[in-house]
Amino acid sequence: NAPTLVITDDEGGTANIAGGTVTYTFTFSEAVSGFTVDEVTVVGGTKAGAFATGADNSSVYTLVVTPDANSTTNMTVDVAAGVATANSNAVANSVATQSDQAVDTLAPTVAISDNTAGTANGAVTYTFTFSQAVTDFTVDDVVVTGGTKAGAFATGVSGNSVYTLVVTPTANSTTNMTVDMAAGVAVDANNNPNTIATQSVQAVNTNAPTLVITDDEGGTANIAGGTVTYTFTFSEAVNGFTADDVVVMGGTKGTFGTTNSSVYTTCLLVTSPTQ
């Protein structure tokens with residue numbers, strides 16, 4: 001009788017990143033000789049250079065195989081007929097039934113984007129898009145500098161692939177806001193941890209422009225002096241400022257002009273008191 005061979009492994013479910021290697025056991029129906037690692041054909045993984053256990057003239061051998069990285073292709077292990085002979089009668093083994101092991105070593109990736117194309121001056125909504133559905137991702141896993149994150153995701157729950165989070169930039173700041181997410185904070189259906197996200201950098205300007213009002217009259221405005229020219233100096237360039245925004249008491253607004261976009265001048269006509 002030809003010795004038979006059964007191939008088994010120690011992975012009951014899907015081989016993944018966390019599980020790492022898979023140990024295969026080759027059980028012959030009797031002790032054999034001539035069986036080597038070279039007789040084992042592996043697809044979808046890399047076999048070790050030597051058996052972990054089992055020497056020539058044994059009936060049981062074990063071999064460690066590492067699944068291919070970033071793969072969801074099943075790993076197969078085969079042993080052909082006639083590669084080993086029984087010690088008892090020198091009859092060669094029969095072919096083994098192929099071992100077919102499910103594999104998922106594809107780590108979920110994540111991209112961080114936001115809804116503000118230019119410079120942020122208010123709340124920004126960030127979107128975290130995973131390459132596959134994940135669990136265990138929480139707001140605590142999001143690291144923000146230069147802003148304050150909301151206490152909960154605006155959209156997205158455990159088991160989704162897309163989550164959104166509102167972040168408010170720091171007040172009175174022109175420092176970029178950054179959002180980061182480390183590797184290993186979320187897992188896919190086969191417990192593969194995510195890879196690290198590329199940092200999101202968002203330009204910010206939440207500095208409110210200040211305004212100083214001065215005039216060209218060193219003393220008391222009088223009839224002889226006539227008009228008084230007021231200068232409105234902003235701390236930075238502004239738009240939308242008009243003469244209608246200037247409120248005058250005890251005088252009449254005159255012409256309104258600009259020196260540049262941050263300095264505006266207006267002439268005020270001072271009227272004399274009623275006699």
# chains A, B, ... in the order shown; residues from 1 in each chain; ligands from 1
call {"tool": "residues_around", "arguments": {"residues": "range 164-177 of chain A", "least_positions_apart": "2", "cutoff": "8 Å", "atoms": "only C-alpha atoms", "output": "PyMOL selection string"}}
result
chain A and resi 120-128+139+144-150+152-156+162+179+201-208
call {"tool": "write_last_selection", "arguments": {"atoms": "N, CA and C atoms", "output": "short mmCIF file (atom, residue, chain, number, x, y, z; two decimals), in the first residue's frame"}}
result
data_model
loop_
_atom_site.label_atom_id
_atom_site.label_comp_id
_atom_site.auth_asym_id
_atom_site.auth_seq_id
_atom_site.Cartn_x
_atom_site.Cartn_y
_atom_site.Cartn_z
N ALA A 120 -8.67 78.54 6.06
CA ALA A 120 -9.81 78.37 6.95
C ALA A 120 -9.93 79.56 7.91
N ASN A 121 -11.15 80.08 8.05
CA ASN A 121 -11.41 81.12 9.05
C ASN A 121 -12.60 80.74 9.93
N GLY A 122 -13.04 79.50 9.80
CA GLY A 122 -14.14 78.98 10.61
C GLY A 122 -14.01 77.47 10.70
N ALA A 123 -15.09 76.81 11.11
CA ALA A 123 -15.06 75.36 11.29
C ALA A 123 -14.75 74.65 9.97
N VAL A 124 -14.00 73.56 10.08
CA VAL A 124 -13.60 72.75 8.92
C VAL A 124 -14.10 71.32 9.15
N THR A 125 -14.71 70.74 8.12
CA THR A 125 -15.16 69.35 8.21
C THR A 125 -14.14 68.44 7.53
N TYR A 126 -13.59 67.53 8.31
CA TYR A 126 -12.61 66.57 7.79
C TYR A 126 -13.30 65.25 7.46
N THR A 127 -12.84 64.62 6.37
CA THR A 127 -13.35 63.32 5.97
C THR A 127 -12.22 62.30 6.02
N PHE A 128 -12.49 61.19 6.69
CA PHE A 128 -11.53 60.08 6.80
C PHE A 128 -12.07 58.92 5.98
N VAL A 139 -13.01 59.14 17.75
CA VAL A 139 -12.51 60.52 17.71
C VAL A 139 -11.19 60.65 18.45
N VAL A 144 -5.24 66.45 16.56
CA VAL A 144 -5.37 67.77 15.95
C VAL A 144 -4.44 68.75 16.64
N THR A 145 -3.70 69.54 15.86
CA THR A 145 -2.96 70.68 16.40
C THR A 145 -3.46 71.93 15.70
N GLY A 146 -3.58 73.01 16.47
CA GLY A 146 -4.04 74.27 15.90
C GLY A 146 -5.55 74.35 15.79
N GLY A 147 -6.26 73.48 16.50
CA GLY A 147 -7.71 73.51 16.45
C GLY A 147 -8.31 72.60 17.51
N THR A 148 -9.63 72.62 17.60
CA THR A 148 -10.34 71.79 18.58
C THR A 148 -11.34 70.90 17.84
N LYS A 149 -11.23 69.61 18.06
CA LYS A 149 -12.13 68.66 17.38
C LYS A 149 -13.42 68.49 18.16
N ALA A 150 -14.48 68.12 17.44
CA ALA A 150 -15.76 67.83 18.07
C ALA A 150 -15.65 66.56 18.91
N ALA A 152 -17.63 64.02 18.82
CA ALA A 152 -18.14 62.83 18.12
C ALA A 152 -18.06 63.05 16.62
N PHE A 153 -18.03 61.97 15.88
CA PHE A 153 -18.04 62.09 14.43
C PHE A 153 -19.37 62.68 13.97
N ALA A 154 -19.32 63.53 12.96
CA ALA A 154 -20.55 64.09 12.39
C ALA A 154 -21.30 63.00 11.63
N THR A 155 -20.57 62.16 10.92
CA THR A 155 -21.14 60.98 10.25
C THR A 155 -20.15 59.84 10.38
N GLY A 156 -20.66 58.62 10.27
CA GLY A 156 -19.82 57.43 10.34
C GLY A 156 -19.91 56.75 11.68
N VAL A 162 -16.21 55.44 5.78
CA VAL A 162 -16.07 56.90 5.70
C VAL A 162 -16.62 57.55 6.98
N VAL A 179 -3.93 67.58 11.04
CA VAL A 179 -4.73 66.44 11.51
C VAL A 179 -3.97 65.17 11.14
N VAL A 201 -2.66 69.11 6.25
CA VAL A 201 -2.22 70.45 6.68
C VAL A 201 -3.16 71.48 6.06
N GLN A 202 -3.81 72.26 6.90
CA GLN A 202 -4.78 73.26 6.46
C GLN A 202 -4.35 74.66 6.87
N ALA A 203 -4.23 75.56 5.89
CA ALA A 203 -3.91 76.95 6.20
C ALA A 203 -5.05 77.59 7.00
N VAL A 204 -4.68 78.44 7.96
CA VAL A 204 -5.65 79.06 8.87
C VAL A 204 -5.35 80.55 9.02
N ASN A 205 -6.41 81.35 9.09
CA ASN A 205 -6.27 82.75 9.49
C ASN A 205 -7.55 83.15 10.21
N THR A 206 -7.48 83.13 11.53
CA THR A 206 -8.63 83.53 12.35
C THR A 206 -8.33 84.83 13.09
N ASN A 207 -7.31 85.57 12.61
CA ASN A 207 -7.00 86.87 13.20
C ASN A 207 -7.99 87.91 12.69
N ALA A 208 -8.76 88.53 13.58
CA ALA A 208 -9.66 89.62 13.17
C ALA A 208 -8.85 90.89 12.95
#
call {"tool": "residues_around", "arguments": {"residues": "Gln199 in chain A", "least_positions_apart": "3", "cutoff": "9 Å", "atoms": "only C-alpha atoms", "output": "list in words"}}
result
Ala111, Ile112, Thr178, Val179, Asp180, Met181 and Ile196 of chain A
call {"tool": "write_last_selection", "arguments": {"atoms": "N, CA, C and O atoms", "output": "compact mmCIF listing (two decimals), in the first residue's frame"}}
result
# COMPACT_ATOMS: atom_id res chain seq x y z
N ALA A 111 -7.30 57.99 3.87
CA ALA A 111 -6.97 59.32 3.33
C ALA A 111 -7.77 60.36 4.10
O ALA A 111 -8.97 60.18 4.35
N ILE A 112 -7.10 61.46 4.48
CA ILE A 112 -7.75 62.55 5.20
C ILE A 112 -7.90 63.74 4.26
O ILE A 112 -6.93 64.19 3.66
N THR A 178 -3.14 71.00 11.71
CA THR A 178 -2.76 69.68 11.20
C THR A 178 -3.66 68.61 11.83
O THR A 178 -4.09 68.74 12.98
N VAL A 179 -3.93 67.58 11.04
CA VAL A 179 -4.73 66.44 11.51
C VAL A 179 -3.97 65.17 11.14
O VAL A 179 -3.56 64.98 9.99
N ASP A 180 -3.77 64.31 12.16
CA ASP A 180 -3.02 63.07 11.97
C ASP A 180 -3.82 61.89 12.48
O ASP A 180 -4.70 62.02 13.34
N MET A 181 -3.47 60.71 11.95
CA MET A 181 -4.03 59.46 12.43
C MET A 181 -2.95 58.39 12.36
O MET A 181 -2.36 58.17 11.31
N ILE A 196 -0.62 54.05 8.58
CA ILE A 196 -0.61 55.45 9.02
C ILE A 196 -1.15 56.35 7.91
O ILE A 196 -0.92 56.10 6.72
call {"tool": "residues_around", "arguments": {"residues": "Asp78 in chain A", "least_positions_apart": "3", "cutoff": "8 Å", "atoms": "only C-alpha atoms", "output": "JSON, numbers by chain"}}
result
{"A": [40, 41, 42, 96, 97, 98, 99]}
call {"tool": "closest_atom_pairs", "arguments": {"of": "range 161-272 of chain A", "to": "range 103-108 of chain A", "cutoff": "9 Å", "atoms": "only C-alpha atoms", "output": "Markdown table"}}
result
| residue | atom | partner | partner_atom | distance |
| --- | --- | --- | --- | --- |
| A:Ala186 | CA | A:Pro108 | CA | 8.5 |
| A:Val187 | CA | A:Pro108 | CA | 7.4 |
| A:Asp188 | CA | A:Pro108 | CA | 6.7 |
| A:Asn190 | CA | A:Asp104 | CA | 6.9 |
| A:Asn192 | CA | A:Ala107 | CA | 5.4 |
| A:Pro193 | CA | A:Ala107 | CA | 5.9 |
| A:Asn194 | CA | A:Pro108 | CA | 4.6 |
| A:Thr195 | CA | A:Pro108 | CA | 6.4 |
call {"tool": "write_last_selection", "arguments": {"atoms": "N, CA, C and O atoms", "output": "PDB file, in the first residue's frame"}}
result
ATOM      1  N   ALA A 186      -7.490  51.280  13.898  1.00  0.00           N
ATOM      2  CA  ALA A 186      -8.731  50.663  13.421  1.00  0.00           C
ATOM      3  C   ALA A 186      -8.376  49.362  12.713  1.00  0.00           C
ATOM      4  O   ALA A 186      -7.236  49.183  12.258  1.00  0.00           O
ATOM      5  N   VAL A 187      -9.342  48.457  12.638  1.00  0.00           N
ATOM      6  CA  VAL A 187      -9.099  47.155  12.005  1.00  0.00           C
ATOM      7  C   VAL A 187     -10.211  46.828  11.021  1.00  0.00           C
ATOM      8  O   VAL A 187     -11.350  47.294  11.171  1.00  0.00           O
ATOM      9  N   ASP A 188      -9.853  46.013  10.009  1.00  0.00           N
ATOM     10  CA  ASP A 188     -10.867  45.571   9.060  1.00  0.00           C
ATOM     11  C   ASP A 188     -11.563  44.315   9.568  1.00  0.00           C
ATOM     12  O   ASP A 188     -11.363  43.896  10.718  1.00  0.00           O
ATOM     13  N   ASN A 190     -11.045  41.319   9.085  1.00  0.00           N
ATOM     14  CA  ASN A 190     -10.147  40.224   9.451  1.00  0.00           C
ATOM     15  C   ASN A 190      -9.058  40.665  10.425  1.00  0.00           C
ATOM     16  O   ASN A 190      -7.996  40.055  10.521  1.00  0.00           O
ATOM     17  N   ASN A 192      -7.074  43.181  10.438  1.00  0.00           N
ATOM     18  CA  ASN A 192      -5.849  43.810   9.944  1.00  0.00           C
ATOM     19  C   ASN A 192      -5.856  45.286  10.333  1.00  0.00           C
ATOM     20  O   ASN A 192      -6.835  45.999  10.065  1.00  0.00           O
ATOM     21  N   PRO A 193      -4.801  45.780  10.965  1.00  0.00           N
ATOM     22  CA  PRO A 193      -4.766  47.188  11.394  1.00  0.00           C
ATOM     23  C   PRO A 193      -4.484  48.125  10.230  1.00  0.00           C
ATOM     24  O   PRO A 193      -3.799  47.760   9.258  1.00  0.00           O
ATOM     25  N   ASN A 194      -5.010  49.342  10.330  1.00  0.00           N
ATOM     26  CA  ASN A 194      -4.782  50.342   9.281  1.00  0.00           C
ATOM     27  C   ASN A 194      -3.338  50.797   9.229  1.00  0.00           C
ATOM     28  O   ASN A 194      -2.591  50.711  10.213  1.00  0.00           O
ATOM     29  N   THR A 195      -2.952  51.310   8.071  1.00  0.00           N
ATOM     30  CA  THR A 195      -1.647  51.952   7.922  1.00  0.00           C
ATOM     31  C   THR A 195      -1.756  53.402   8.380  1.00  0.00           C
ATOM     32  O   THR A 195      -2.861  53.946   8.528  1.00  0.00           O
TER      33      THR A 195
END
call {"tool": "residues_around", "arguments": {"residues": "range 24-38 of chain A", "least_positions_apart": "6", "cutoff": "8 Å", "atoms": "only C-alpha atoms", "output": "ChimeraX atom specification"}}
result
/A:3-10,49-51,56-65,83-88
call {"tool": "atom_distance", "arguments": {"atom1": "CA of Gly45 in chain A", "atom2": "CA of Val77 in chain A"}}
result
9.1 Å
call {"tool": "select_by_dssp", "arguments": {"residues": "range 32-246 of chain A", "states": "helix (DSSP H, G or I)", "output": "list in words"}}
result
Val37, Asp38, Glu39, Val139, Asp140, Asp141, Ala243, Asp244 and Asp245 of chain A
call {"tool": "closest_residue", "arguments": {"among": "A:Thr14, A:Ala221, A:Gly257, A:Thr119", "to": "Ser71 in chain A", "atoms": "only C-alpha atoms"}}
result
A:Thr14
call {"tool": "atom_distance", "arguments": {"atom1": "CA of Thr46 in chain A", "atom2": "CA of Thr73 in chain A"}}
result
13.4 Å
call {"tool": "select_by_dssp", "arguments": {"residues": "range 105-196 of chain A", "states": "strand (DSSP E)", "output": "MDAnalysis selection string"}}
result
chainID A and resid 110:114 124:130 142:145 147:149 162:169 177:181
call {"tool": "residues_around", "arguments": {"residues": "Phe137 in chain A", "least_positions_apart": "5", "cutoff": "9 Å", "atoms": "only C-alpha atoms", "output": "count of residues only"}}
result
7
call {"tool": "closest_residue", "arguments": {"among": "A:Thr138, A:Thr231, A:Tyr163, A:Asn260", "to": "Asp114 in chain A", "atoms": "only C-alpha atoms"}}
result
A:Tyr163
call {"tool": "residues_around", "arguments": {"residues": "Ser161 in chain A", "least_positions_apart": "2", "cutoff": "7 Å", "atoms": "only C-alpha atoms", "output": "JSON, numbers by chain"}}
result
{"A": [129, 130, 131, 132, 133, 134, 159, 163]}
call {"tool": "write_last_selection", "arguments": {"atoms": "N, CA, C and O atoms", "output": "compact mmCIF listing (two decimals), in the first residue's frame"}}
result
# COMPACT_ATOMS: atom_id res chain seq x y z
N THR A 129 -11.39 58.65 4.85
CA THR A 129 -11.87 57.63 3.92
C THR A 129 -10.94 56.43 3.95
O THR A 129 -9.79 56.50 3.51
N PHE A 130 -11.44 55.31 4.49
CA PHE A 130 -10.67 54.07 4.54
C PHE A 130 -10.90 53.28 3.25
O PHE A 130 -11.94 53.40 2.62
N SER A 131 -9.91 52.46 2.91
CA SER A 131 -10.01 51.64 1.70
C SER A 131 -10.99 50.49 1.86
O SER A 131 -11.38 49.86 0.88
N GLN A 132 -11.38 50.22 3.09
CA GLN A 132 -12.38 49.19 3.37
C GLN A 132 -13.02 49.51 4.71
O GLN A 132 -12.53 50.35 5.47
N ALA A 133 -14.14 48.87 4.99
CA ALA A 133 -14.84 49.11 6.25
C ALA A 133 -13.96 48.72 7.43
O ALA A 133 -13.24 47.71 7.38
N VAL A 134 -14.02 49.54 8.49
CA VAL A 134 -13.20 49.29 9.68
C VAL A 134 -14.05 49.44 10.94
O VAL A 134 -15.11 50.07 10.93
N GLY A 159 -17.75 50.13 11.68
CA GLY A 159 -18.16 49.25 10.59
C GLY A 159 -18.29 49.97 9.27
O GLY A 159 -18.48 49.33 8.22
N TYR A 163 -15.82 58.45 7.55
CA TYR A 163 -16.20 59.17 8.77
C TYR A 163 -15.92 60.65 8.55
O TYR A 163 -14.97 61.01 7.85
call {"tool": "residues_around", "arguments": {"residues": "Ser235 in chain A", "least_positions_apart": "6", "cutoff": "10 Å", "atoms": "only C-alpha atoms", "output": "list in words"}}
result
Asn207, Ala208, Pro209, Thr210, Leu211, Val212, Ser262 and Val263 of chain A
call {"tool": "atom_distance", "arguments": {"atom1": "CA of Thr233 in chain A", "atom2": "CA of Thr214 in chain A"}}
result
8.1 Å
